[in-house]
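Structure file query_33.cif (mmCIF, C-alpha atoms) is printed below.
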```cif
data_query
#
loop_
_atom_site.label_atom_id
_atom_site.label_comp_id
_atom_site.auth_asym_id
_atom_site.auth_seq_id
_atom_site.Cartn_x
_atom_site.Cartn_y
_atom_site.Cartn_z
CA MET Q 1 81.74 63.12 100.36
CA ARG Q 2 81.40 59.42 100.81
CA ARG Q 3 80.18 57.53 103.84
CA TRP Q 4 80.77 53.94 104.76
CA GLY Q 5 78.92 51.47 106.96
CA SER Q 6 78.47 47.79 107.57
CA THR Q 7 77.55 45.68 104.55
CA ARG Q 8 76.21 42.85 106.67
CA ARG Q 9 72.58 42.01 105.89
CA THR Q 10 70.10 40.93 108.54
CA GLY Q 11 66.37 40.37 108.60
CA PRO Q 12 63.86 38.19 106.72
CA THR Q 13 65.16 35.84 104.03
CA GLY Q 14 63.66 34.11 101.01
CA ARG Q 15 60.47 35.30 99.31
CA GLU Q 16 59.26 37.17 102.40
CA GLY Q 17 62.54 39.04 102.72
CA ARG Q 18 62.60 39.99 99.04
CA ARG Q 19 59.03 41.26 99.19
CA LEU Q 20 59.74 43.28 102.35
CA ARG Q 21 62.83 44.84 100.80
CA ARG Q 22 60.91 45.80 97.65
CA VAL Q 23 58.17 47.44 99.71
CA THR Q 24 60.68 49.27 101.92
CA VAL Q 25 62.63 50.65 98.97
CA ALA Q 26 59.44 51.70 97.18
CA VAL Q 27 58.20 53.57 100.24
CA ALA Q 28 61.58 55.27 100.73
CA CYS Q 29 61.73 56.32 97.09
CA ALA Q 30 58.22 57.72 97.18
CA ALA Q 31 58.95 59.67 100.35
CA ALA Q 32 62.18 61.16 99.03
CA CYS Q 33 60.72 62.08 95.65
CA ALA Q 34 57.65 63.62 97.27
CA ALA Q 35 59.84 65.61 99.64
CA LEU Q 36 61.85 67.19 96.88
CA THR Q 37 58.87 67.72 94.63
CA ALA Q 38 57.52 69.85 97.46
CA VAL Q 39 60.64 72.06 97.73
CA PRO Q 40 59.41 75.65 97.31
CA ALA Q 41 60.71 78.02 94.67
CA GLN Q 42 62.62 80.08 97.25
CA ALA Q 43 65.18 78.44 99.51
CA HIS Q 44 65.52 81.05 102.18
CA GLY Q 45 63.30 79.33 104.72
CA PRO Q 46 59.97 77.60 105.23
CA ARG Q 47 56.96 78.57 103.19
CA GLY Q 48 53.43 77.38 103.67
CA ALA Q 49 52.78 74.51 106.04
CA GLU Q 50 55.44 73.92 108.65
CA ASP Q 51 55.77 70.26 107.66
CA GLU Q 52 56.39 70.99 103.96
CA PRO Q 53 59.88 69.76 102.97
CA HIS Q 54 62.17 72.58 101.89
CA TRP Q 55 65.76 73.80 101.95
CA VAL Q 56 66.48 75.63 105.20
CA VAL Q 57 69.57 77.83 105.27
CA LYS Q 58 71.72 77.29 108.35
CA ASP Q 59 73.63 80.22 109.85
CA THR Q 60 77.30 79.33 109.60
CA GLY Q 61 78.51 82.72 110.80
CA ALA Q 62 80.88 82.91 107.83
CA PRO Q 63 79.30 85.30 105.28
CA ASP Q 64 82.65 86.04 103.62
CA VAL Q 65 83.37 82.40 102.77
CA ARG Q 66 82.35 80.44 99.67
CA PHE Q 67 81.91 76.77 100.52
CA ARG Q 68 82.60 74.54 97.50
CA GLY Q 69 83.64 71.56 99.62
CA LEU Q 70 80.90 69.58 101.39
CA ALA Q 71 80.91 66.21 103.16
CA ALA Q 72 77.56 65.12 104.53
CA VAL Q 73 77.97 62.38 107.12
CA SER Q 74 74.37 62.25 108.36
CA ARG Q 75 71.37 64.48 108.96
CA ASP Q 76 73.19 65.75 112.04
CA THR Q 77 76.82 65.86 110.97
CA ALA Q 78 78.37 67.69 108.01
CA TRP Q 79 81.67 69.32 107.11
CA VAL Q 80 82.13 72.28 104.75
CA ALA Q 81 85.35 73.71 103.34
CA GLY Q 82 85.96 76.91 101.43
CA THR Q 83 87.86 80.11 100.88
CA LEU Q 84 90.06 81.85 103.45
CA GLY Q 85 91.29 78.44 104.58
CA THR Q 86 87.96 77.79 106.28
CA VAL Q 87 86.65 74.43 107.50
CA LEU Q 88 83.46 74.22 109.58
CA ARG Q 89 81.73 71.25 111.20
CA THR Q 90 78.27 70.71 112.65
CA THR Q 91 77.06 67.76 114.71
CA ASP Q 92 73.59 69.09 115.54
CA GLY Q 93 71.99 69.44 112.13
CA GLY Q 94 73.38 72.90 111.43
CA ARG Q 95 72.09 74.66 114.55
CA THR Q 96 75.67 75.41 115.54
CA TRP Q 97 78.94 75.31 113.63
CA ARG Q 98 82.45 74.90 114.97
CA ASP Q 99 85.32 76.59 113.16
CA VAL Q 100 87.88 73.79 112.81
CA SER Q 101 90.09 75.44 110.19
CA PRO Q 102 93.71 74.23 110.05
CA PRO Q 103 96.05 76.77 111.68
CA GLY Q 104 97.95 78.99 109.27
CA ALA Q 105 95.74 78.10 106.28
CA GLY Q 106 94.08 81.49 105.87
CA GLU Q 107 95.55 82.09 102.41
CA LEU Q 108 94.43 78.72 101.04
CA GLN Q 109 91.29 77.79 99.11
CA PHE Q 110 89.76 74.53 100.27
CA ARG Q 111 87.64 73.04 97.48
CA ASP Q 112 87.01 69.48 98.65
CA VAL Q 113 86.46 67.68 101.94
CA GLU Q 114 85.97 63.95 102.46
CA ALA Q 115 84.66 62.93 105.89
CA PHE Q 116 84.54 59.43 107.33
CA ASP Q 117 82.59 60.44 110.45
CA ALA Q 118 82.34 63.34 112.91
CA ARG Q 119 86.01 63.09 113.88
CA ARG Q 120 87.94 61.99 110.78
CA ALA Q 121 88.18 64.10 107.63
CA VAL Q 122 90.55 64.99 104.80
CA VAL Q 123 90.54 68.40 103.06
CA LEU Q 124 92.13 69.53 99.80
CA ALA Q 125 93.47 73.01 99.09
CA ILE Q 126 93.79 73.88 95.40
CA GLY Q 127 96.25 75.96 93.45
CA GLU Q 128 99.47 75.89 91.53
CA GLY Q 129 102.52 74.32 93.09
CA GLU Q 130 102.62 74.37 96.88
CA ASP Q 131 99.13 75.88 97.15
CA SER Q 132 97.81 72.38 96.46
CA ARG Q 133 97.85 70.66 99.85
CA VAL Q 134 96.08 67.92 101.79
CA TYR Q 135 95.30 67.97 105.51
CA ARG Q 136 93.86 65.25 107.74
CA THR Q 137 92.24 65.34 111.18
CA ASP Q 138 91.37 62.49 113.54
CA ASP Q 139 89.88 64.55 116.36
CA GLY Q 140 87.09 66.56 114.75
CA GLY Q 141 89.39 69.34 113.58
CA THR Q 142 90.99 70.13 116.92
CA THR Q 143 94.33 69.29 115.31
CA TRP Q 144 95.36 68.81 111.68
CA THR Q 145 98.32 67.20 109.97
CA GLU Q 146 99.50 68.41 106.59
CA THR Q 147 100.01 65.13 104.72
CA PHE Q 148 100.80 66.40 101.23
CA ARG Q 149 102.22 69.59 99.72
CA ASN Q 150 102.53 69.62 95.95
CA PRO Q 151 106.21 70.02 94.97
CA ASP Q 152 105.58 70.39 91.22
CA ALA Q 153 104.81 73.90 89.97
CA ARG Q 154 103.12 72.37 86.90
CA ALA Q 155 100.51 70.47 88.94
CA PHE Q 156 97.18 71.88 90.15
CA TYR Q 157 95.04 69.51 92.24
CA ASP Q 158 91.25 69.82 91.93
CA CYS Q 159 89.37 67.03 93.72
CA LEU Q 160 89.53 64.12 96.18
CA THR Q 161 87.60 60.87 96.49
CA PHE Q 162 87.76 57.84 98.77
CA PHE Q 163 86.73 54.25 98.07
CA ASP Q 164 86.76 53.39 101.78
CA PRO Q 165 88.35 54.90 104.89
CA ARG Q 166 91.81 53.79 103.75
CA HIS Q 167 91.97 54.02 99.96
CA GLY Q 168 91.57 57.29 98.11
CA LEU Q 169 92.72 59.39 95.18
CA ALA Q 170 93.30 63.03 94.30
CA MET Q 171 93.58 64.38 90.76
CA SER Q 172 95.62 67.16 89.21
CA ASP Q 173 95.23 68.95 85.90
CA PRO Q 174 97.49 67.49 83.21
CA VAL Q 175 101.25 67.44 83.70
CA ASP Q 176 103.33 66.46 80.67
CA GLY Q 177 100.11 65.92 78.73
CA LYS Q 178 98.31 63.61 81.15
CA PHE Q 179 96.11 64.01 84.24
CA ARG Q 180 98.11 63.25 87.38
CA ILE Q 181 96.68 60.91 90.03
CA LEU Q 182 97.72 60.91 93.69
CA SER Q 183 96.95 57.79 95.75
CA THR Q 184 96.66 56.98 99.46
CA ARG Q 185 96.35 53.60 101.18
CA ASP Q 186 96.23 54.85 104.76
CA GLY Q 187 93.29 57.23 104.83
CA GLY Q 188 95.17 60.26 103.57
CA ARG Q 189 98.09 60.10 105.99
CA SER Q 190 100.54 59.64 103.11
CA TRP Q 191 100.31 60.02 99.32
CA THR Q 192 102.05 58.65 96.22
CA VAL Q 193 101.87 59.85 92.62
CA LEU Q 194 100.71 56.94 90.44
CA PRO Q 195 102.47 56.10 87.17
CA ASP Q 196 100.78 57.74 84.18
CA THR Q 197 101.34 54.86 81.75
CA GLY Q 198 97.67 53.88 81.97
CA MET Q 199 96.35 57.43 81.55
CA PRO Q 200 95.14 58.54 78.10
CA PRO Q 201 96.62 61.76 76.71
CA ALA Q 202 94.79 64.94 77.62
CA LEU Q 203 93.33 67.18 74.95
CA GLU Q 204 94.75 70.62 74.36
CA GLY Q 205 93.41 72.91 77.09
CA GLU Q 206 91.74 70.05 78.99
CA ALA Q 207 91.50 70.30 82.78
CA GLY Q 208 89.27 69.58 85.75
CA PHE Q 209 86.98 72.09 87.44
CA ALA Q 210 87.51 72.60 91.19
CA ALA Q 211 83.95 73.87 91.54
CA SER Q 212 82.25 71.43 93.91
CA GLY Q 213 84.60 68.63 94.91
CA GLN Q 214 82.82 66.39 92.39
CA CYS Q 215 85.20 66.28 89.42
CA LEU Q 216 86.59 63.00 90.82
CA VAL Q 217 84.06 60.52 92.23
CA SER Q 218 84.03 56.84 93.11
CA SER Q 219 81.52 54.04 93.58
CA GLY Q 220 82.30 50.73 95.23
CA PRO Q 221 85.78 49.45 96.07
CA ARG Q 222 87.61 50.16 92.79
CA ASP Q 223 85.66 52.29 90.27
CA VAL Q 224 86.42 55.99 89.86
CA TRP Q 225 85.48 58.64 87.30
CA LEU Q 226 87.16 61.94 86.37
CA ALA Q 227 85.31 64.85 84.72
CA THR Q 228 86.96 67.27 82.31
CA GLY Q 229 86.33 70.50 80.43
CA GLY Q 230 88.10 73.40 78.80
CA ALA Q 231 88.91 71.53 75.58
CA ALA Q 232 87.19 70.77 72.30
CA ARG Q 233 85.21 67.97 73.97
CA ALA Q 234 83.96 67.50 77.52
CA ARG Q 235 85.03 64.03 78.56
CA VAL Q 236 84.74 61.53 81.40
CA LEU Q 237 87.60 59.17 82.25
CA HIS Q 238 86.92 55.88 84.07
CA SER Q 239 89.21 53.56 86.01
CA ALA Q 240 88.19 50.15 87.38
CA ASP Q 241 91.47 49.59 89.24
CA ARG Q 242 91.72 52.57 91.59
CA GLY Q 243 93.35 54.89 89.11
CA ARG Q 244 96.09 52.82 87.52
CA THR Q 245 94.51 52.42 84.08
CA TRP Q 246 91.83 54.57 82.45
CA THR Q 247 89.44 54.68 79.52
CA VAL Q 248 87.93 57.89 78.20
CA THR Q 249 84.62 58.83 76.58
CA ALA Q 250 83.30 62.10 75.18
CA THR Q 251 80.05 63.38 76.69
CA THR Q 252 77.25 65.38 75.11
CA ILE Q 253 77.81 68.36 77.41
CA PRO Q 254 78.98 71.41 75.40
CA ALA Q 255 82.67 72.25 75.44
CA GLY Q 256 85.04 74.20 73.17
CA ASP Q 257 85.78 76.96 75.69
CA PRO Q 258 87.87 77.16 78.91
CA ALA Q 259 84.67 77.87 80.88
CA ARG Q 260 82.67 74.90 79.54
CA GLY Q 261 82.58 71.22 80.29
CA VAL Q 262 81.60 68.63 82.87
CA PHE Q 263 81.80 70.13 86.35
CA ALA Q 264 80.35 67.34 88.50
CA LEU Q 265 79.61 63.63 88.45
CA ALA Q 266 77.53 61.32 90.64
CA PHE Q 267 77.31 57.53 90.43
CA ARG Q 268 74.76 55.57 92.45
CA ASP Q 269 76.52 52.32 91.49
CA ARG Q 270 79.21 51.32 89.02
CA HIS Q 271 76.76 51.56 86.08
CA HIS Q 272 74.39 54.49 86.62
CA GLY Q 273 75.85 57.98 86.59
CA LEU Q 274 74.97 61.62 86.04
CA ALA Q 275 77.06 64.48 84.66
CA VAL Q 276 76.26 68.19 84.92
CA GLY Q 277 78.08 71.35 83.93
CA GLY Q 278 77.81 73.90 81.15
CA ASP Q 279 79.35 77.35 80.92
CA PHE Q 280 80.13 78.96 84.27
CA THR Q 281 80.40 82.47 82.79
CA PRO Q 282 77.66 84.49 84.54
CA GLY Q 283 74.72 85.35 82.31
CA LEU Q 284 75.58 82.96 79.49
CA PRO Q 285 73.17 80.13 78.61
CA SER Q 286 74.13 76.50 79.17
CA PRO Q 287 71.95 74.31 76.97
CA ASP Q 288 72.30 70.52 77.13
CA ALA Q 289 74.34 70.78 80.32
CA ALA Q 290 73.32 67.39 81.75
CA ALA Q 291 73.92 63.82 80.64
CA ARG Q 292 73.46 60.29 81.98
CA THR Q 293 75.04 56.88 81.59
CA THR Q 294 73.78 53.38 82.34
CA ASP Q 295 76.95 51.53 81.36
CA GLY Q 296 79.54 52.96 83.71
CA GLY Q 297 80.46 55.86 81.47
CA ARG Q 298 81.19 53.99 78.26
CA THR Q 299 78.41 56.02 76.63
CA TRP Q 300 76.61 59.22 77.62
CA ARG Q 301 73.16 60.39 76.56
CA PRO Q 302 71.93 63.98 76.84
CA ALA Q 303 69.02 64.87 79.08
CA ALA Q 304 65.84 65.46 77.11
CA GLY Q 305 65.04 68.30 79.50
CA ALA Q 306 68.27 69.67 80.95
CA PRO Q 307 68.62 72.24 83.75
CA PRO Q 308 68.14 75.78 82.40
CA ALA Q 309 71.58 77.01 83.45
CA TYR Q 310 75.07 75.97 84.51
CA ARG Q 311 75.15 73.44 87.35
CA SER Q 312 78.25 72.66 89.40
CA GLY Q 313 77.05 69.91 91.78
CA VAL Q 314 74.92 66.78 91.60
CA ALA Q 315 73.87 64.02 94.01
CA TRP Q 316 71.60 60.99 93.94
CA LEU Q 317 68.87 60.94 96.56
CA PRO Q 318 69.16 58.12 99.10
CA HIS Q 319 67.06 54.97 98.72
CA THR Q 320 65.95 55.81 95.18
CA ARG Q 321 67.04 54.59 91.77
CA THR Q 322 65.79 57.53 89.73
CA ALA Q 323 65.87 60.75 91.80
CA ALA Q 324 68.74 63.23 92.04
CA LEU Q 325 69.49 66.91 92.64
CA ALA Q 326 71.67 69.30 90.65
CA VAL Q 327 72.71 72.69 92.04
CA GLY Q 328 74.32 75.87 90.76
CA PRO Q 329 74.43 79.62 91.34
CA THR Q 330 70.94 80.11 89.88
CA GLY Q 331 69.05 77.25 91.48
CA THR Q 332 68.38 73.61 92.26
CA ASP Q 333 66.94 71.09 89.80
CA LEU Q 334 65.32 67.72 90.45
CA THR Q 335 65.14 64.63 88.29
CA THR Q 336 62.84 61.74 89.12
CA ASP Q 337 63.56 59.68 85.99
CA GLY Q 338 67.25 58.98 86.31
CA GLY Q 339 68.45 62.14 84.61
CA ARG Q 340 66.26 62.03 81.51
CA THR Q 341 64.52 65.26 82.47
CA TRP Q 342 65.12 67.94 85.09
CA ARG Q 343 62.96 70.69 86.53
CA THR Q 344 63.88 73.64 88.71
CA VAL Q 345 62.57 73.39 92.27
CA ASP Q 346 64.56 76.13 94.00
CA SER Q 347 66.16 79.46 93.11
CA GLY Q 348 68.81 79.69 95.84
CA SER Q 349 72.53 79.79 95.00
CA TYR Q 350 74.56 76.66 95.81
CA ASP Q 351 77.78 75.18 94.45
CA THR Q 352 77.67 71.64 95.80
CA VAL Q 353 75.21 69.09 97.20
CA ASP Q 354 75.49 65.81 99.10
CA CYS Q 355 73.01 63.32 100.57
CA THR Q 356 73.34 60.64 103.24
CA PRO Q 357 71.75 57.21 103.75
CA ASP Q 358 69.58 58.57 106.58
CA ARG Q 359 68.02 61.01 104.06
CA GLY Q 360 70.04 64.01 105.08
CA CYS Q 361 70.55 66.23 102.04
CA TRP Q 362 72.87 69.23 102.37
CA ALA Q 363 73.92 72.02 99.99
CA ALA Q 364 76.61 74.70 100.28
CA GLY Q 365 77.80 77.73 98.34
CA GLU Q 366 78.61 81.42 98.35
CA LYS Q 367 78.29 83.92 101.21
CA GLY Q 368 78.56 81.19 103.82
CA ARG Q 369 75.37 79.51 102.64
CA VAL Q 370 74.73 75.98 103.87
CA ALA Q 371 71.28 74.43 103.82
CA ARG Q 372 69.64 71.16 104.75
CA LEU Q 373 66.45 69.67 103.40
CA GLU Q 374 63.99 69.70 106.28
CA GLN Q 375 60.38 68.90 106.99
#
```
Whole structure given in structure tokens:
Amino acid sequence: MRRWGSTRRTGPTGREGRRLRRVTVAVACAAACAALTAVPAQAHGPRGAEDEPHWVVKDTGAPDVRFRGLAAVSRDTAWVAGTLGTVLRTTDGGRTWRDVSPPGAGELQFRDVEAFDARRAVVLAIGEGEDSRVYRTDDGGTTWTETFRNPDARAFYDCLTFFDPRHGLAMSDPVDGKFRILSTRDGGRSWTVLPDTGMPPALEGEAGFAASGQCLVSSGPRDVWLATGGAARARVLHSADRGRTWTVTATTIPAGDPARGVFALAFRDRHHGLAVGGDFTPGLPSPDAAARTTDGGRTWRPAAGAPPAYRSGVAWLPHTRTAALAVGPTGTDLTTDGGRTWRTVDSGSYDTVDCTPDRGCWAAGEKGRVARLEQ
């Protein structure tokens, strides 16, 4: 779900440049926050004035598919991956979708997709043993190469993340008492299981949730975080060396049940992060199901006003330091204070959400639902 671009800076320098950058960021933040504040309570199409920002559902033509994998490249280009071995791609803002599913994958469940651009992407299929697989395309999905098939019946891979177009990781539920980390140095063309000597022991029953492709996330060139649940405590593991050594911290999100824990993480830099989750059992309450960190995950503080129900996906809004979205089967919530408080702004069902630097926010979920924030 990550995008990369040039880090070269151009433009005014000195006091004038600093002032211009502050003004630009402030305007962008105000615009993004205002846009989401205006999202109507129903996400099935425009309501009110035509220029009011709102989620607009795009017709994917795949009503039987649940899309838990989402990679937003821009306002125009996005990839989604889901059940029935389905991968779709749009390059025109969701007006049309191309079925680019890997051949022979109809029995697989794709739960994560990481796209570098409109042509290059990596998808993860989940499941026990050989059901966990990784595919890569370099031609927009016209052809795919299977680059990893899990040979260990004890492993179950949940999520992918990339630091840059070459370096990435995938994570499996614990094997021999520790989470297993798979590493690539060539953009997902080949994979190696990392030694587990730097991985803390897993708790009894602890695992990741393959609910949104956001149980393993990265920020910058080396930092990565892993979300857990299903055990006595819901924890977040952090590595500052691309998965070789890890520290672990308990969060405030309720646990103590196989259906409870941290389902998704989002970091806007190596210090500021959000965690959402709860209990995914339909109809059960999920109090205190959001938390935030300002120290890279060393400590987590509960939201004073958490989302009212289980949430499986979360994303920071572009060009802001305090605004983010959380999504789940019962709605979308917005924070404008860095995760301290959340309020529901939409009642549509989504499993995952992703935003791009050009202010393209996308969401995806059950019954082929994919939406983009539009004005």
Non-local contacts of Thr161 of chain Q (6 Å; only C-alpha atoms; under 6 positions in same chain excluded) as a list in words:
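The residues that qualify are Gly168, Leu169 and Val217 of chain Q.
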Please list, as an MDAnalysis selection string, the residues that have an atom at most 7 Å away from (98.9, 72.0, 86.4) in the coordinates of this file, counting only C-alpha atoms.
chainID Q and resid 128 154:156 172:175
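When atom CA of Phe263 of chain Q is paired with atom CA of Trp300 of chain Q, their separation reads 14.9 Å.
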Show me a table, sorted first by chain and then by increasing residue number, of the residues of segment 80-174 of chain Q having an atom at most 8 Å from segment 361-373 of chain Q, each with its shortest atom pair and the distance in Å to one decimal, counting all atoms listed in the file and written as a Markdown table.
```
| residue | atom | partner | partner_atom | distance |
| --- | --- | --- | --- | --- |
| Q:Val80 | CA | Q:Ala364 | CA | 7.5 |
| Q:Gly93 | CA | Q:Arg372 | CA | 7.9 |
| Q:Gly94 | CA | Q:Arg372 | CA | 7.9 |
```
Neighbour list for Ala291 of chain Q as a PyMOL selection string, cut-off 8 Å, all atoms listed in the file, skip fewer than 2 positions in-chain:
chain Q and resi 251-253+274-276+288-289+293+300-303+339-340
Specify as a ChimeraX atom specification each residue included when the PyMOL selection byres ((chain Q and resi 85) around 12) is applied to this file.
/Q:62,64-69,80-84,86-88,99-112,123-126,131,133-135
Could you rebuild segment 87-102 of chain Q with N, CA, C and O atoms and give it back as a PDB file, keeping the file's coordinate frame?
```
ATOM      1  N   VAL Q  87      87.321  75.717 107.355  1.00  0.00           N
ATOM      2  CA  VAL Q  87      86.650  74.430 107.500  1.00  0.00           C
ATOM      3  C   VAL Q  87      85.719  74.540 108.706  1.00  0.00           C
ATOM      4  O   VAL Q  87      86.150  74.925 109.796  1.00  0.00           O
ATOM      5  N   LEU Q  88      84.441  74.219 108.497  1.00  0.00           N
ATOM      6  CA  LEU Q  88      83.460  74.220 109.580  1.00  0.00           C
ATOM      7  C   LEU Q  88      82.867  72.826 109.723  1.00  0.00           C
ATOM      8  O   LEU Q  88      82.807  72.061 108.759  1.00  0.00           O
ATOM      9  N   ARG Q  89      82.368  72.532 110.936  1.00  0.00           N
ATOM     10  CA  ARG Q  89      81.730  71.250 111.200  1.00  0.00           C
ATOM     11  C   ARG Q  89      80.524  71.453 112.096  1.00  0.00           C
ATOM     12  O   ARG Q  89      80.563  72.260 113.031  1.00  0.00           O
ATOM     13  N   THR Q  90      79.437  70.745 111.772  1.00  0.00           N
ATOM     14  CA  THR Q  90      78.270  70.710 112.650  1.00  0.00           C
ATOM     15  C   THR Q  90      77.966  69.276 113.044  1.00  0.00           C
ATOM     16  O   THR Q  90      78.159  68.356 112.245  1.00  0.00           O
ATOM     17  N   THR Q  91      77.498  69.087 114.251  1.00  0.00           N
ATOM     18  CA  THR Q  91      77.060  67.760 114.710  1.00  0.00           C
ATOM     19  C   THR Q  91      75.641  67.812 115.253  1.00  0.00           C
ATOM     20  O   THR Q  91      75.171  66.843 115.838  1.00  0.00           O
ATOM     21  N   ASP Q  92      74.964  68.957 115.040  1.00  0.00           N
ATOM     22  CA  ASP Q  92      73.590  69.090 115.540  1.00  0.00           C
ATOM     23  C   ASP Q  92      72.643  69.576 114.443  1.00  0.00           C
ATOM     24  O   ASP Q  92      71.723  70.348 114.691  1.00  0.00           O
ATOM     25  N   GLY Q  93      72.893  69.111 113.230  1.00  0.00           N
ATOM     26  CA  GLY Q  93      71.990  69.440 112.130  1.00  0.00           C
ATOM     27  C   GLY Q  93      72.088  70.842 111.621  1.00  0.00           C
ATOM     28  O   GLY Q  93      71.175  71.324 110.959  1.00  0.00           O
ATOM     29  N   GLY Q  94      73.188  71.548 111.918  1.00  0.00           N
ATOM     30  CA  GLY Q  94      73.380  72.900 111.430  1.00  0.00           C
ATOM     31  C   GLY Q  94      72.945  73.990 112.382  1.00  0.00           C
ATOM     32  O   GLY Q  94      73.048  75.172 112.049  1.00  0.00           O
ATOM     33  N   ARG Q  95      72.468  73.623 113.575  1.00  0.00           N
ATOM     34  CA  ARG Q  95      72.090  74.660 114.550  1.00  0.00           C
ATOM     35  C   ARG Q  95      73.312  75.437 115.003  1.00  0.00           C
ATOM     36  O   ARG Q  95      73.235  76.644 115.216  1.00  0.00           O
ATOM     37  N   THR Q  96      74.420  74.743 115.185  1.00  0.00           N
ATOM     38  CA  THR Q  96      75.670  75.410 115.540  1.00  0.00           C
ATOM     39  C   THR Q  96      76.792  74.853 114.666  1.00  0.00           C
ATOM     40  O   THR Q  96      76.734  73.700 114.220  1.00  0.00           O
ATOM     41  N   TRP Q  97      77.801  75.701 114.442  1.00  0.00           N
ATOM     42  CA  TRP Q  97      78.940  75.310 113.630  1.00  0.00           C
ATOM     43  C   TRP Q  97      80.222  75.621 114.391  1.00  0.00           C
ATOM     44  O   TRP Q  97      80.349  76.677 115.003  1.00  0.00           O
ATOM     45  N   ARG Q  98      81.155  74.701 114.326  1.00  0.00           N
ATOM     46  CA  ARG Q  98      82.450  74.900 114.970  1.00  0.00           C
ATOM     47  C   ARG Q  98      83.483  75.186 113.890  1.00  0.00           C
ATOM     48  O   ARG Q  98      83.595  74.449 112.908  1.00  0.00           O
ATOM     49  N   ASP Q  99      84.230  76.273 114.069  1.00  0.00           N
ATOM     50  CA  ASP Q  99      85.320  76.590 113.160  1.00  0.00           C
ATOM     51  C   ASP Q  99      86.502  75.690 113.499  1.00  0.00           C
ATOM     52  O   ASP Q  99      87.130  75.834 114.544  1.00  0.00           O
ATOM     53  N   VAL Q 100      86.791  74.748 112.590  1.00  0.00           N
ATOM     54  CA  VAL Q 100      87.880  73.790 112.810  1.00  0.00           C
ATOM     55  C   VAL Q 100      88.952  73.955 111.737  1.00  0.00           C
ATOM     56  O   VAL Q 100      89.619  72.997 111.352  1.00  0.00           O
ATOM     57  N   SER Q 101      89.139  75.170 111.260  1.00  0.00           N
ATOM     58  CA  SER Q 101      90.090  75.440 110.190  1.00  0.00           C
ATOM     59  C   SER Q 101      91.518  75.096 110.615  1.00  0.00           C
ATOM     60  O   SER Q 101      91.910  75.387 111.750  1.00  0.00           O
ATOM     61  N   PRO Q 102      92.299  74.502 109.721  1.00  0.00           N
ATOM     62  CA  PRO Q 102      93.710  74.230 110.050  1.00  0.00           C
ATOM     63  C   PRO Q 102      94.457  75.532 110.342  1.00  0.00           C
ATOM     64  O   PRO Q 102      94.290  76.528 109.634  1.00  0.00           O
TER      65      PRO Q 102
END
```
